[in-house]
file protein.txt (compact mmCIF, C-alpha atoms and all ligand atoms)
# COMPACT_ATOMS: atom_id res chain seq x y z
CA MET A 1 -107.77 -44.84 24.95
CA THR A 2 -107.01 -41.33 26.23
CA SER A 3 -105.70 -38.83 23.73
CA ARG A 4 -103.12 -36.13 24.41
CA SER A 5 -105.75 -33.47 23.66
CA GLU A 6 -107.89 -34.66 26.59
CA GLY A 7 -105.34 -33.21 28.96
CA LEU A 8 -103.31 -34.79 31.71
CA LEU A 9 -104.72 -37.04 34.36
CA ALA A 10 -103.11 -36.98 37.79
CA ASP A 11 -100.89 -39.90 36.89
CA GLY A 12 -100.74 -39.31 33.14
CA PRO A 13 -102.92 -41.00 30.55
CA GLU A 14 -103.62 -44.70 30.27
CA VAL A 15 -102.33 -45.99 26.95
CA ARG A 16 -102.29 -49.28 25.11
CA VAL A 17 -98.80 -50.77 25.41
CA TRP A 18 -98.97 -54.51 24.51
CA ASP A 19 -101.13 -55.83 21.69
CA LEU A 20 -103.31 -58.92 22.20
CA PRO A 21 -101.05 -61.27 20.16
CA THR A 22 -98.03 -60.38 22.34
CA ARG A 23 -100.03 -60.90 25.56
CA LEU A 24 -101.49 -64.19 24.35
CA PHE A 25 -98.00 -65.28 23.31
CA HIS A 26 -96.65 -64.53 26.79
CA TRP A 27 -99.27 -66.33 28.86
CA LEU A 28 -99.44 -69.31 26.49
CA LEU A 29 -95.63 -69.50 26.67
CA LEU A 30 -95.85 -69.66 30.45
CA ALA A 31 -98.48 -72.43 30.20
CA GLY A 32 -96.49 -74.37 27.57
CA VAL A 33 -93.18 -74.15 29.44
CA THR A 34 -94.84 -75.16 32.74
CA THR A 35 -96.47 -78.17 31.04
CA SER A 36 -93.11 -79.14 29.46
CA PHE A 37 -91.44 -79.13 32.88
CA ILE A 38 -94.22 -81.01 34.70
CA THR A 39 -94.50 -83.72 32.02
CA VAL A 40 -90.75 -84.32 31.76
CA LYS A 41 -90.59 -84.80 35.53
CA LEU A 42 -93.52 -87.24 35.41
CA GLY A 43 -91.76 -89.24 32.67
CA GLY A 44 -93.26 -92.43 31.20
CA ASN A 45 -96.34 -91.84 29.05
CA ALA A 46 -96.30 -88.15 30.00
CA MET A 47 -93.27 -87.77 27.67
CA ILE A 48 -95.70 -87.75 24.73
CA TRP A 49 -97.22 -84.62 26.26
CA HIS A 50 -93.72 -83.25 26.88
CA GLY A 51 -93.13 -83.47 23.14
CA ARG A 52 -96.50 -81.88 22.34
CA ALA A 53 -96.10 -79.04 24.84
CA GLY A 54 -92.51 -78.45 23.65
CA THR A 55 -93.66 -78.34 20.03
CA PHE A 56 -96.38 -75.86 20.99
CA VAL A 57 -93.72 -73.73 22.73
CA LEU A 58 -91.62 -73.90 19.56
CA SER A 59 -94.56 -72.66 17.45
CA LEU A 60 -95.12 -69.78 19.90
CA LEU A 61 -91.46 -68.78 19.76
CA VAL A 62 -91.36 -68.88 15.95
CA PHE A 63 -94.53 -66.76 15.98
CA ARG A 64 -92.84 -64.26 18.36
CA VAL A 65 -89.75 -63.98 16.16
CA LEU A 66 -91.93 -63.17 13.13
CA TRP A 67 -94.06 -60.81 15.23
CA GLY A 68 -90.81 -59.05 16.24
CA PHE A 69 -90.52 -57.86 12.63
CA ILE A 70 -94.10 -57.06 11.62
CA GLY A 71 -95.98 -56.73 14.94
CA SER A 72 -97.04 -53.57 16.80
CA PRO A 73 -94.27 -51.01 17.52
CA THR A 74 -93.71 -52.21 21.13
CA ALA A 75 -93.32 -55.82 19.94
CA ARG A 76 -90.71 -55.04 17.26
CA PHE A 77 -87.10 -55.94 18.03
CA ALA A 78 -85.85 -52.84 16.18
CA ASN A 79 -87.71 -50.65 18.70
CA PHE A 80 -86.52 -52.25 21.93
CA VAL A 81 -83.23 -54.12 21.38
CA LYS A 82 -80.68 -51.43 22.20
CA GLY A 83 -76.87 -51.27 22.19
CA PRO A 84 -74.52 -51.10 25.23
CA LYS A 85 -74.63 -47.28 25.29
CA ALA A 86 -78.40 -47.13 25.80
CA ILE A 87 -78.18 -49.87 28.46
CA TRP A 88 -75.39 -48.00 30.27
CA LEU A 89 -77.33 -44.73 30.23
CA TYR A 90 -80.40 -46.54 31.51
CA LEU A 91 -78.39 -48.14 34.35
CA ARG A 92 -76.99 -44.72 35.31
CA GLY A 93 -80.55 -43.41 35.47
CA VAL A 94 -80.03 -40.90 32.64
CA SER A 95 -83.46 -40.10 31.26
CA PRO A 96 -83.83 -40.94 27.60
CA LYS A 97 -84.76 -38.05 25.31
CA HIS A 98 -88.05 -39.76 24.72
CA LEU A 99 -89.95 -41.91 27.16
CA THR A 100 -90.03 -45.28 25.45
CA LEU A 101 -93.18 -47.34 25.60
CA GLY A 102 -92.54 -51.05 26.08
CA HIS A 103 -89.41 -52.92 27.26
CA ASN A 104 -86.62 -50.78 28.73
CA PRO A 105 -83.07 -51.32 27.35
CA LEU A 106 -82.10 -53.65 30.24
CA GLY A 107 -85.37 -55.60 30.22
CA ALA A 108 -84.84 -56.09 26.48
CA LEU A 109 -81.67 -58.06 27.25
CA SER A 110 -83.62 -60.51 29.37
CA VAL A 111 -86.35 -60.76 26.72
CA VAL A 112 -83.77 -61.67 24.05
CA ALA A 113 -82.09 -64.17 26.42
CA LEU A 114 -85.43 -65.82 27.30
CA LEU A 115 -86.52 -66.07 23.67
CA GLY A 116 -83.08 -67.34 22.56
CA LEU A 117 -82.62 -69.95 25.28
CA PHE A 118 -86.16 -71.34 25.04
CA LEU A 119 -85.86 -71.44 21.24
CA PHE A 120 -82.62 -73.41 21.64
CA GLN A 121 -84.38 -75.77 24.08
CA ALA A 122 -87.39 -76.36 21.84
CA LEU A 123 -85.22 -76.86 18.72
CA THR A 124 -82.84 -79.31 20.41
CA GLY A 125 -85.90 -81.21 21.72
CA LEU A 126 -86.68 -82.15 18.09
CA GLY A 127 -83.46 -84.19 17.94
CA THR A 128 -83.60 -85.57 21.51
CA SER A 129 -84.22 -89.19 22.49
CA ASP A 130 -84.87 -90.69 25.93
CA ASP A 131 -83.49 -94.01 24.62
CA ILE A 132 -86.62 -95.79 25.93
CA PHE A 133 -89.70 -94.99 23.93
CA PHE A 134 -89.91 -91.31 23.12
CA ASP A 135 -87.96 -89.56 20.35
CA GLY A 136 -88.16 -86.06 18.92
CA PRO A 137 -89.31 -86.05 15.25
CA LEU A 138 -85.82 -85.50 13.80
CA VAL A 139 -84.16 -88.39 15.67
CA LYS A 140 -84.93 -90.92 12.91
CA ASP A 141 -83.07 -88.75 10.36
CA LEU A 142 -79.94 -88.16 12.47
CA GLY A 143 -76.93 -90.34 13.27
CA SER A 144 -76.66 -91.80 16.79
CA GLU A 145 -73.66 -89.60 17.72
CA THR A 146 -75.55 -86.48 16.69
CA VAL A 147 -78.61 -87.59 18.70
CA THR A 148 -76.40 -88.22 21.76
CA LEU A 149 -74.87 -84.74 21.44
CA ILE A 150 -78.23 -82.99 20.92
CA THR A 151 -79.79 -84.97 23.80
CA SER A 152 -77.00 -83.96 26.18
CA LEU A 153 -77.40 -80.32 25.11
CA HIS A 154 -81.17 -80.51 25.63
CA LYS A 155 -80.70 -82.05 29.08
CA SER A 156 -77.97 -79.66 30.25
CA THR A 157 -79.89 -76.40 29.89
CA GLU A 158 -82.35 -76.91 32.77
CA PRO A 159 -80.42 -74.82 35.36
CA PHE A 160 -80.02 -71.97 32.85
CA LEU A 161 -83.71 -72.03 31.92
CA LEU A 162 -84.75 -71.96 35.57
CA SER A 163 -82.23 -69.24 36.51
CA LEU A 164 -83.36 -66.99 33.67
CA VAL A 165 -87.04 -67.41 34.58
CA GLY A 166 -86.11 -66.76 38.24
CA LEU A 167 -84.29 -63.57 37.26
CA HIS A 168 -87.26 -62.52 35.11
CA ILE A 169 -89.70 -62.92 38.01
CA THR A 170 -87.27 -61.30 40.49
CA ALA A 171 -86.98 -58.25 38.20
CA ILE A 172 -90.79 -57.96 38.04
CA VAL A 173 -91.08 -58.16 41.85
CA PHE A 174 -88.23 -55.60 42.16
CA TYR A 175 -90.07 -53.15 39.89
CA ARG A 176 -93.22 -53.63 41.95
CA LEU A 177 -91.59 -53.16 45.37
CA ALA A 178 -88.65 -50.80 44.76
CA LYS A 179 -89.87 -48.79 41.79
CA LYS A 180 -93.60 -48.99 42.58
CA THR A 181 -94.23 -50.01 38.99
CA ASN A 182 -96.73 -52.72 38.16
CA LEU A 183 -95.59 -54.50 34.99
CA VAL A 184 -97.93 -57.48 35.29
CA THR A 185 -101.29 -55.71 34.85
CA PRO A 186 -100.23 -54.21 31.48
CA MET A 187 -99.18 -57.70 30.30
CA ILE A 188 -102.74 -58.85 31.16
CA THR A 189 -104.88 -55.90 30.06
CA GLY A 190 -102.53 -54.38 27.47
CA ARG A 191 -102.88 -50.94 29.08
CA LYS A 192 -100.49 -48.94 31.22
CA VAL A 193 -100.74 -45.65 33.12
CA ILE A 194 -97.92 -43.32 32.10
CA LYS A 195 -96.14 -41.64 35.01
CA ASP A 196 -94.34 -38.30 34.65
CA PHE A 197 -96.16 -37.73 31.41
CA ASP A 198 -95.83 -33.95 31.62
CA ARG A 199 -92.03 -34.19 32.01
CA GLU A 200 -91.26 -36.70 29.31
CA PRO A 201 -92.12 -36.57 25.62
CA PHE A 202 -93.42 -39.70 23.99
CA ASP A 203 -91.67 -41.43 21.13
CA LEU A 204 -94.71 -43.25 19.78
CA SER A 205 -97.74 -41.56 18.19
CA LEU A 206 -96.10 -38.19 18.65
CA LYS A 207 -98.47 -36.18 16.55
CA PRO A 208 -100.69 -33.84 18.62
CA ASN A 209 -104.35 -34.87 18.98
CA GLN A 210 -103.60 -38.44 17.96
CA PRO A 211 -104.27 -41.31 20.34
CA LEU A 212 -101.17 -42.32 22.26
CA GLY A 213 -99.81 -45.81 22.46
CA ILE A 214 -100.15 -48.61 19.97
CA GLN A 215 -103.15 -49.08 17.69
CA GLU A 216 -104.92 -52.42 17.23
CA GLY A 217 -107.42 -53.40 14.57
CA PRO A 218 -108.20 -55.77 11.69
CA VAL A 219 -104.72 -55.27 10.19
CA THR A 220 -103.16 -56.41 13.49
CA TRP A 221 -105.31 -59.56 13.53
CA ALA A 222 -104.54 -60.32 9.87
CA LYS A 223 -100.80 -59.97 10.44
CA ALA A 224 -100.95 -62.08 13.61
CA ALA A 225 -102.92 -64.82 11.78
CA LEU A 226 -100.29 -64.80 9.03
CA CYS A 227 -97.40 -65.13 11.53
CA TRP A 228 -99.24 -67.92 13.35
CA ALA A 229 -99.92 -69.83 10.10
CA VAL A 230 -96.29 -69.47 8.95
CA ALA A 231 -95.05 -70.57 12.39
CA TRP A 232 -97.19 -73.73 12.32
CA ALA A 233 -96.27 -74.50 8.69
CA LEU A 234 -92.58 -74.35 9.65
CA VAL A 235 -93.01 -76.46 12.80
CA LEU A 236 -95.19 -79.12 11.12
CA SER A 237 -92.69 -79.41 8.26
CA VAL A 238 -90.29 -81.27 10.58
CA TYR A 239 -92.91 -83.91 11.50
C1 LIG A 301 -89.08 -75.29 25.37
C2 LIG A 301 -89.59 -76.50 25.40
C3 LIG A 301 -88.94 -77.61 26.17
C4 LIG A 301 -88.47 -77.62 27.46
C5 LIG A 301 -88.54 -76.48 28.48
C6 LIG A 301 -87.89 -78.92 27.70
C7 LIG A 301 -87.27 -79.29 28.88
C8 LIG A 301 -86.66 -80.51 29.09
C9 LIG A 301 -85.86 -80.84 30.23
C10 LIG A 301 -85.60 -79.89 31.40
C11 LIG A 301 -85.43 -82.13 30.08
C12 LIG A 301 -84.50 -82.89 31.01
C13 LIG A 301 -85.26 -83.63 32.05
C14 LIG A 301 -84.40 -84.34 33.02
O1 LIG A 301 -83.27 -84.74 32.66
O2 LIG A 301 -84.88 -84.50 34.16
C15 LIG A 301 -85.97 -82.63 28.85
C16 LIG A 301 -85.82 -83.90 28.36
C17 LIG A 301 -86.36 -84.36 27.19
N1 LIG A 301 -87.04 -83.60 26.22
FE1 LIG A 301 -87.52 -81.66 26.39
N2 LIG A 301 -88.04 -79.69 26.58
C18 LIG A 301 -88.67 -78.93 25.61
C19 LIG A 301 -89.01 -79.32 24.33
C20 LIG A 301 -88.91 -80.61 23.85
C21 LIG A 301 -89.38 -81.07 22.56
C22 LIG A 301 -90.03 -80.16 21.50
C23 LIG A 301 -89.14 -82.39 22.49
C24 LIG A 301 -89.45 -83.36 21.39
C25 LIG A 301 -90.46 -83.23 20.54
C26 LIG A 301 -88.48 -82.79 23.73
C27 LIG A 301 -88.06 -84.06 24.04
C28 LIG A 301 -87.37 -84.44 25.17
C29 LIG A 301 -86.93 -85.80 25.47
C30 LIG A 301 -87.12 -87.03 24.58
C31 LIG A 301 -86.29 -85.74 26.72
C32 LIG A 301 -85.74 -86.92 27.53
C33 LIG A 301 -84.26 -87.07 27.43
C34 LIG A 301 -83.82 -88.18 28.39
O3 LIG A 301 -84.43 -88.38 29.44
O4 LIG A 301 -82.85 -88.84 28.05
N3 LIG A 301 -88.36 -81.68 24.52
N4 LIG A 301 -86.71 -81.61 28.25
C1 LIG A 302 -91.80 -69.82 31.99
C2 LIG A 302 -91.91 -68.64 32.52
C3 LIG A 302 -91.81 -67.34 31.73
C4 LIG A 302 -91.22 -67.07 30.54
C5 LIG A 302 -90.45 -68.03 29.62
C6 LIG A 302 -91.44 -65.66 30.26
C7 LIG A 302 -90.99 -65.01 29.12
C8 LIG A 302 -91.21 -63.67 28.85
C9 LIG A 302 -90.85 -63.02 27.62
C10 LIG A 302 -90.18 -63.71 26.42
C11 LIG A 302 -91.24 -61.73 27.71
C12 LIG A 302 -91.15 -60.66 26.62
C13 LIG A 302 -92.55 -60.47 26.04
C14 LIG A 302 -92.51 -60.04 24.60
O1 LIG A 302 -92.11 -58.93 24.26
O2 LIG A 302 -92.90 -60.88 23.77
C15 LIG A 302 -91.82 -61.53 29.01
C16 LIG A 302 -92.32 -60.34 29.50
C17 LIG A 302 -92.99 -60.21 30.69
N1 LIG A 302 -93.27 -61.23 31.59
FE1 LIG A 302 -92.71 -63.16 31.46
N2 LIG A 302 -92.17 -65.11 31.29
C18 LIG A 302 -92.41 -66.10 32.20
C19 LIG A 302 -93.13 -66.00 33.37
C20 LIG A 302 -93.70 -64.84 33.82
C21 LIG A 302 -94.46 -64.72 35.05
C22 LIG A 302 -94.77 -65.89 36.02
C23 LIG A 302 -94.83 -63.41 35.14
C24 LIG A 302 -95.61 -62.68 36.21
C25 LIG A 302 -96.53 -63.16 36.97
C26 LIG A 302 -94.32 -62.71 33.99
C27 LIG A 302 -94.51 -61.39 33.73
C28 LIG A 302 -94.00 -60.71 32.64
C29 LIG A 302 -94.16 -59.28 32.42
C30 LIG A 302 -94.87 -58.31 33.36
C31 LIG A 302 -93.52 -58.96 31.23
C32 LIG A 302 -93.39 -57.58 30.60
C33 LIG A 302 -92.10 -56.97 31.13
C34 LIG A 302 -91.94 -55.53 30.67
O3 LIG A 302 -92.81 -54.71 30.95
O4 LIG A 302 -90.91 -55.23 30.01
N3 LIG A 302 -93.63 -63.60 33.22
N4 LIG A 302 -91.81 -62.73 29.68
call {"tool": "encode", "arguments": {"input": "protein.txt", "output": "structure tokens"}}
result
Amino acid sequence: MTSRSEGLLADGPEVRVWDLPTRLFHWLLLAGVTTSFITVKLGGNAMIWHGRAGTFVLSLLVFRVLWGFIGSPTARFANFVKGPKAIWLYLRGVSPKHLTLGHNPLGALSVVALLGLFLFQALTGLGTSDDIFFDGPLVKDLGSETVTLITSLHKSTEPFLLSLVGLHITAIVFYRLAKKTNLVTPMITGRKVIKDFDREPFDLSLKPNQPLGIQEGPVTWAKAALCWAVAWALVLSVY
């Protein structure tokens, strides 16, 4: 971690932007969603693994919602979900008073949409039946009309899920090619080089001589373990 007192590097300092729980959440979500799609297309016995992968995705999403309240500053919804004014200013290229570390106001929209739509998908999966041999765990407690409705909802979202993921990946490629900004490496390593550091003040760890960026330590791991345990307790309670 480079501190402000160590002076400016050519490109600005490298700071920690995403904590390990957020990064693990992201790449496990990608793995879980991919497995859900592959297994549902295989059908047959693979549907058991569709249910397992979908349940794992649900636990990840519940974890992420909790982490959005008590996680590191860049993971907290209150720090990145912004109103229409901030999004409009961002679109017009007006520099914010402070350079924000983490999701920009527009990217935050797509984050909320991805989390919301996949949460809807995983939750409806619990009440979905393929009418052959695989049922979500809530099917036995619901009436047949309700199961039919939930199943049709669960099966109708596929184009929206794929479009949103396509938009997400297109935006990342756009940042790479048009804005010369690599967003993927920080999501892997947790660290990001700050450009234009000398022009823009920081809005996290503002105090002089303090390390910039987010801090990680035993408290982070304890909070993440708590969120993970609560997420699994909630998910297992429906089985
Ligand atoms: C975010 C996680 C999930 C994703 C992305 C997902 C995706 C899908 C998609 C796209 C289909 C439609 C397949 C098609 O019609 O070709 C489907 C069907 C199905 N899903 Fe999920 N699903 C998820 C979670 C779950 C969960 C947690 C369960 C149950 C535990 C579940 C149970 C089912 C069942 C039983 C069907 C078959 C419905 C039928 O063929 O009539 N899904 N899922
Ligand atoms: C099923 C596919 C995917 C889903 C559902 C998904 C979902 C998400 C979500 C929810 C976030 C917000 C992270 C958070 O704050 O917790 C995010 C961020 C991010 N994702 Fe994905 N993602 C997917 C695939 C990918 C792929 C394939 C890549 C690149 C190879 C990627 C790269 C990124 C990056 C770089 C960010 C951070 C964006 C930023 O700096 O604001 N994602 N993704």
call {"tool": "atom_distance", "arguments": {"input": "protein.txt", "atom1": "atom C28 of ligand LIG 301 (chain A)", "atom2": "atom CA of Thr128 of chain A"}}
result
5.4 Å
call {"tool": "residues_around", "arguments": {"input": "protein.txt", "residues": "Leu236 of chain A", "least_positions_apart": "2", "cutoff": "12 Å", "atoms": "only C-alpha atoms", "output": "PyMOL selection string"}}
result
chain A and resi 52+55-56+58-59+62+126+137-138+229-234+238-239
call {"tool": "write_last_selection", "arguments": {"input": "protein.txt", "atoms": "C-alpha atoms", "output": "compact mmCIF listing (two decimals), in the coordinates of the input"}}
result
# COMPACT_ATOMS: atom_id res chain seq x y z
CA ARG A 52 -96.50 -81.88 22.34
CA THR A 55 -93.66 -78.34 20.03
CA PHE A 56 -96.38 -75.86 20.99
CA LEU A 58 -91.62 -73.90 19.56
CA SER A 59 -94.56 -72.66 17.45
CA VAL A 62 -91.36 -68.88 15.95
CA LEU A 126 -86.68 -82.15 18.09
CA PRO A 137 -89.31 -86.05 15.25
CA LEU A 138 -85.82 -85.50 13.80
CA ALA A 229 -99.92 -69.83 10.10
CA VAL A 230 -96.29 -69.47 8.95
CA ALA A 231 -95.05 -70.57 12.39
CA TRP A 232 -97.19 -73.73 12.32
CA ALA A 233 -96.27 -74.50 8.69
CA LEU A 234 -92.58 -74.35 9.65
CA VAL A 238 -90.29 -81.27 10.58
CA TYR A 239 -92.91 -83.91 11.50
call {"tool": "residues_near_ligand", "arguments": {"input": "protein.txt", "ligand": "ligand LIG 302 (chain A)", "cutoff": "8 Å", "atoms": "all atoms listed in the file", "output": "PyMOL selection string"}}
result
chain A and resi 22-23+25-27+29-34+64+74-75+102-104+107-108+110-112+114-115+118+165+168-169+172+182-187
call {"tool": "residues_near_ligand", "arguments": {"input": "protein.txt", "ligand": "ligand LIG 301 (chain A)", "cutoff": "6 Å", "atoms": "all atoms listed in the file", "output": "PyMOL selection string"}}
result
chain A and resi 33+36-37+40-41+51+54-55+57+118+121-122+125-126+128-130+134-136+155+158
call {"tool": "residues_around", "arguments": {"input": "protein.txt", "residues": "segment 222-227 of chain A", "least_positions_apart": "6", "cutoff": "7 Å", "atoms": "only C-alpha atoms", "output": "count of residues only"}}
result
4
call {"tool": "atom_distance", "arguments": {"input": "protein.txt", "atom1": "atom CA of Ser72 of chain A", "atom2": "atom CA of Ile214 of chain A"}}
result
6.7 Å
call {"tool": "atom_distance", "arguments": {"input": "protein.txt", "atom1": "atom CA of His154 of chain A", "atom2": "atom CA of Leu123 of chain A"}}
result
8.8 Å
call {"tool": "closest_residue", "arguments": {"input": "protein.txt", "among": "A:Gly213, A:Gly71, A:Pro159, A:Pro84", "to": "Lys192 of chain A", "atoms": "only C-alpha atoms"}}
result
A:Gly213
